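S.K.: I have a structure here, written as structure tokens, and I will follow up with some questions on it.
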Amino acid sequence: MSAARTGPPTGPWIGRRRFLGVAAGLAAAGGAGQLTGDPAPVRRPAPAGRPDPEHRPPRDRPLFLGTYTSAPGGGTGVGFGTYDTTTGRITATVAGVADPSYLALAPSGRTLYAVDEQQQGGVTAMALSPDEPPRPLGTRSTGGAGPCHLSVHPRGRWLLSANYLSGSVAVHPVDRATGALGERTDLVTHSHPPPGPGQDGPHAHQIVTAPDGRHVLAVDLGNDTVYTYRLDESAGTLTEVSYAALRPGAGPRHLTFHPSGAFAYLANEVDNTVVVCRYDRHSGRLTPGAPQSTGTGPGTSYPAQFLVTRDGRFAYLANRGHNSLTRYAVEGSGARLRLLDTVPVGGDFPRHIAFSPDQRRLFAANQKSGSVTVFAVDARTGALRRAGEPFAAPVPVCVLPL
């Protein structure tokens with residue numbers, strides 16, 4: 001089903017996202033980095049994009065940007081380039097993929113995947129090599145409209161994607177040798193429970209594998225529900241095993257697990273809250289706790305996404321309406337979040353945030369200001385400090401530093 005939802009105003013877009021239109025060219029370059037016409041060398045990352053902490057990484061590291069090609073000022077595809085691990089300085093260019101609004105790296109580090117967030121949704125695979133731009137390996141249909149999130153199963157055999165407008169989730173096989181995608185093996189539409197107040201139907205916003213590797217969780221903003229599936233790794237099919245209903249009108253958007261795997265943190269876009277959830281790895285059942293503050297004051301700030309540090313001590317939340325990042329202390333072995341502060345993001349509408357592999361940098365993609373902000377992360381306190389000025393990028397909605 002295709003339907004608009006209530007939410008933040010998005011200029012000329014229809015409903016939540018605009019799927020048809022003509023790209024109006026690249027945003028003007030400036031700030032701490034700029035777009036160029038020549039591709040920067042892309043070094044192949046270590047497996048899973050996590051270099052050995054004892055090994056000093058090269059000074060220049062690969063970085064990819066997702067954008068909306070059909071939005072005014074949007075890019076022409078997936079942005080790629082490098083960032084300086086010391087200064088956060090970035091140079092980027094673009095390659096042609098339609099509306100690549102979310103990106104994910106294969107565990108091998110050799111393949112990049114992007115959603116094609118259009119009415120006829122797709123997922124695209126791209127091969128990575130040390131000295132060349134990403135090479136497209138083909139696109140497969142997701143069977144739904146407006147896919148906005150994707151993730152790779154930890155064993156690298158399956159690609160999972162979420163179709164926002166049609167409220168469904170899809171599975172595609174991954175060729176182990178090349179990283180290319182096969183034809184879809186499953187498509188599940190969320191049909192229960194019924195949408196809450198102000199919602200017009202299911203809107204799948206995220207799909208991710210739990211740390212146990214046996215269960216897949218799908219966050220549906222329209223149904224105020226998080227579904228747990230068991231993935232058949234032989235057939236590539238999903239079987240629902242449980243679901244967790246949030247309070248009506250919460251609008252859950254993005255879930256991130258604590259390193260222990262026993263807890264997960266959920267950002268609720270519509271009612272401007274966050275929730276600590278207990279997770280049972282044996283059953284796959286998610287149990288939401290009480291809603292908590294985002295620290296952004298009254299009104300709706302459209303919280304977008306959580307990050308949790310590798311040591312499990314701090315969590316960060318992107319607030320699009322408030323244009324800030326909230327910092328939480330994680331306590332009780334992951335069971336509690338204690339709000340510490342909010343930090344201005346230095347841009348407009350931080351849609352996506354990501355750590356560098358060493359977690360010394362945090363990147364924020366600011367959709368409406370056409371910029372990406374880079375922060376230095378204090379490992380002891382979790383405090384954030386701006387590393388230079390934001391750099392210009394065409395409608396950045398996803399940033400993936402490797």
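In the structure tokens, chains take letters A, B, ... by order of appearance, with residues numbered from 1 within each chain and ligands from 1 in the order shown.
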Just the residues within 6 Å of Gly81 (chain A), please, counting only C-alpha atoms, with nothing from its chain fewer than 6 positions along; format it as JSON, numbers by chain.
M.R.: {"A": [40, 62, 63, 91, 92]}
S.K.: Pull the closest atom pair for each residue of region 326-394 of chain A that gets at most 12 Å from region 287-291 of chain A, along with the distance in Å to one decimal, counting only C-alpha atoms, ordering rows by chain and then ascending residue number, as a tab-separated table.
M.R.:
```
residue	atom	partner	partner_atom	distance
A:Ala335	CA	A:Gly289	CA	9.6
A:Arg336	CA	A:Gly289	CA	9.8
A:Leu337	CA	A:Pro291	CA	11.0
```
S.K.: Determine which residues of region 127-301 of chain A DSSP labels as strand (DSSP E or B) from the backbone of this structure, then write them out as an MDAnalysis selection string.
M.R.: chainID A and resid 127:129 132:141 147:152 158:163 168:174 181 186:189 204:209 215:220 225:232 237:245 252:257 263:268 273:279 286:293
S.K.: Counting only C-alpha atoms, which residue out of A:Arg157, A:Gly196, A:Val208, A:Ser260 sits closest to Ala245 (chain A)?
M.R.: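 When distances to Ala245 (chain A) are compared using only C-alpha atoms, the smallest one comes from A:Gly196.
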S.K.: Have a look at CA of Glu269 (chain A) and CA of Phe355 (chain A) and let me know their distance in Å, one decimal.
M.R.: 21.3 Å
S.K.: Give me the residues near Arg327 (chain A) as an NGL selection string, where near means some atom within 6 Å (using only C-alpha atoms) and where sequence neighbours in that chain fewer than 3 positions away do not count.
M.R.: :A and (315-316 or 340-341)
S.K.: Can you measure CA of Ser356 (chain A) to CA of Ala125 (chain A) for me? One decimal in Å is fine.
M.R.: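 Between CA of Ser356 (chain A) and CA of Ala125 (chain A) the gap is 22.0 Å.
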S.K.: Near Lys368 (chain A), counting only C-alpha atoms, which residues have an atom at most 7 Å away, once you skip same-chain residues fewer than 2 positions from it, shown as an MDAnalysis selection string?
M.R.: chainID A and resid 348:349 366 370 395
S.K.: Can you tell me how far CA of Ser108 (chain A) sits from CA of Asp220 (chain A), in Å to one decimal?
M.R.: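 Separation of CA of Ser108 (chain A) and CA of Asp220 (chain A): 28.7 Å.
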S.K.: Please list as a list in words every residue within 10 Å of Phe257 (chain A), counting only C-alpha atoms and excluding residues in the same chain fewer than 2 positions away.
M.R.: Val208, Thr209, Ala210, Pro211, Leu255, Pro259, Ser260, Gly261, Ala262, Phe263, Ala264, Tyr265, Leu266, Val276, Cys277, Arg278, Tyr279, Phe306, Leu307, Val308, Gly312 and Gly334 of chain A
S.K.: Can you write out the residues you just picked, keeping N, CA, C and O atoms, as a short mmCIF file (atom, residue, chain, number, x, y, z; two decimals), in the first residue's frame?
M.R.:
```
data_model
loop_
_atom_site.label_atom_id
_atom_site.label_comp_id
_atom_site.auth_asym_id
_atom_site.auth_seq_id
_atom_site.Cartn_x
_atom_site.Cartn_y
_atom_site.Cartn_z
N VAL A 208 16.91 -5.36 10.89
CA VAL A 208 18.25 -5.60 11.39
C VAL A 208 18.31 -6.97 12.07
O VAL A 208 17.32 -7.43 12.64
N THR A 209 19.45 -7.62 12.00
CA THR A 209 19.64 -8.91 12.66
C THR A 209 20.05 -8.69 14.11
O THR A 209 20.92 -7.85 14.40
N ALA A 210 19.45 -9.43 15.03
CA ALA A 210 19.82 -9.35 16.44
C ALA A 210 21.22 -9.93 16.64
O ALA A 210 21.70 -10.72 15.83
N PRO A 211 21.90 -9.55 17.73
CA PRO A 211 23.25 -10.06 17.97
C PRO A 211 23.34 -11.58 18.05
O PRO A 211 24.41 -12.14 17.79
N LEU A 255 16.13 1.13 15.82
CA LEU A 255 16.51 0.36 17.00
C LEU A 255 18.00 0.01 16.91
O LEU A 255 18.50 -0.36 15.85
N PRO A 259 25.91 -3.64 23.23
CA PRO A 259 26.86 -4.71 22.91
C PRO A 259 26.60 -6.03 23.63
O PRO A 259 26.98 -7.09 23.12
N SER A 260 25.95 -5.98 24.78
CA SER A 260 25.65 -7.22 25.51
C SER A 260 24.62 -8.07 24.78
O SER A 260 24.52 -9.28 25.02
N GLY A 261 23.82 -7.46 23.92
CA GLY A 261 22.75 -8.16 23.22
C GLY A 261 21.51 -8.35 24.06
O GLY A 261 20.50 -8.86 23.57
N ALA A 262 21.53 -7.93 25.32
CA ALA A 262 20.39 -8.13 26.20
C ALA A 262 19.42 -6.96 26.18
O ALA A 262 18.28 -7.09 26.65
N PHE A 263 19.84 -5.83 25.63
CA PHE A 263 19.00 -4.63 25.59
C PHE A 263 19.14 -3.95 24.23
O PHE A 263 20.15 -4.11 23.54
N ALA A 264 18.09 -3.20 23.88
CA ALA A 264 18.11 -2.41 22.65
C ALA A 264 17.45 -1.07 22.94
O ALA A 264 16.58 -0.97 23.82
N TYR A 265 17.86 -0.05 22.19
CA TYR A 265 17.35 1.30 22.39
C TYR A 265 16.58 1.72 21.14
O TYR A 265 17.08 1.60 20.02
N LEU A 266 15.37 2.21 21.37
CA LEU A 266 14.44 2.49 20.28
C LEU A 266 14.11 3.97 20.24
O LEU A 266 13.72 4.56 21.26
N VAL A 276 14.03 1.99 26.32
CA VAL A 276 14.96 0.88 26.53
C VAL A 276 14.15 -0.41 26.47
O VAL A 276 13.14 -0.55 27.18
N CYS A 277 14.57 -1.34 25.64
CA CYS A 277 13.86 -2.61 25.47
C CYS A 277 14.73 -3.76 25.95
O CYS A 277 15.93 -3.81 25.67
N ARG A 278 14.13 -4.69 26.66
CA ARG A 278 14.83 -5.92 27.04
C ARG A 278 14.66 -6.94 25.91
O ARG A 278 13.57 -7.07 25.35
N TYR A 279 15.73 -7.64 25.59
CA TYR A 279 15.69 -8.61 24.50
C TYR A 279 16.06 -9.99 24.99
O TYR A 279 17.09 -10.17 25.66
N PHE A 306 19.77 5.96 16.88
CA PHE A 306 20.67 5.75 17.99
C PHE A 306 22.01 5.22 17.51
O PHE A 306 22.09 4.46 16.54
N LEU A 307 23.07 5.58 18.24
CA LEU A 307 24.36 4.90 18.17
C LEU A 307 24.76 4.53 19.59
O LEU A 307 24.47 5.27 20.53
N VAL A 308 25.44 3.41 19.75
CA VAL A 308 25.95 2.97 21.05
C VAL A 308 27.43 2.67 20.89
O VAL A 308 27.84 2.02 19.92
N GLY A 312 29.85 0.04 25.26
CA GLY A 312 28.53 0.04 25.89
C GLY A 312 28.34 1.10 26.95
O GLY A 312 27.37 1.03 27.71
N GLY A 334 23.49 -1.89 30.59
CA GLY A 334 22.67 -1.66 29.40
C GLY A 334 21.20 -1.46 29.70
O GLY A 334 20.44 -1.09 28.80
#
```
S.K.: Quick one: of A:Asp186, A:Asp200, A:Glu240, A:Glu117, who's nearest to Arg285 (chain A), counting only C-alpha atoms?
M.R.: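 Answer, going by the shortest atom-to-atom distance: A:Glu240.
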S.K.: When you look at Leu181 (chain A) with a cut-off of 7 Å (counting only C-alpha atoms), what residues show up, excluding the ones that are within fewer than 2 positions of it in the same chain? I need them as number ranges by chain.
M.R.: A: 125, 140, 172-175, 179, 183
S.K.: Name the residues in contact with Leu65 (chain A) at a cut-off of 9 Å, using only C-alpha atoms, excluding same-chain residues fewer than 4 positions from it; report them as a list in words.
M.R.: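 The residues that qualify are Gly77, Val78, Gly79, Phe80, Gly81, Ala92, Val94, Pro100, Ser101, Tyr102, Leu103, Ala365, Ala393, Pro396, Val397, Cys398, Val399, Leu400 and Pro401 of chain A.
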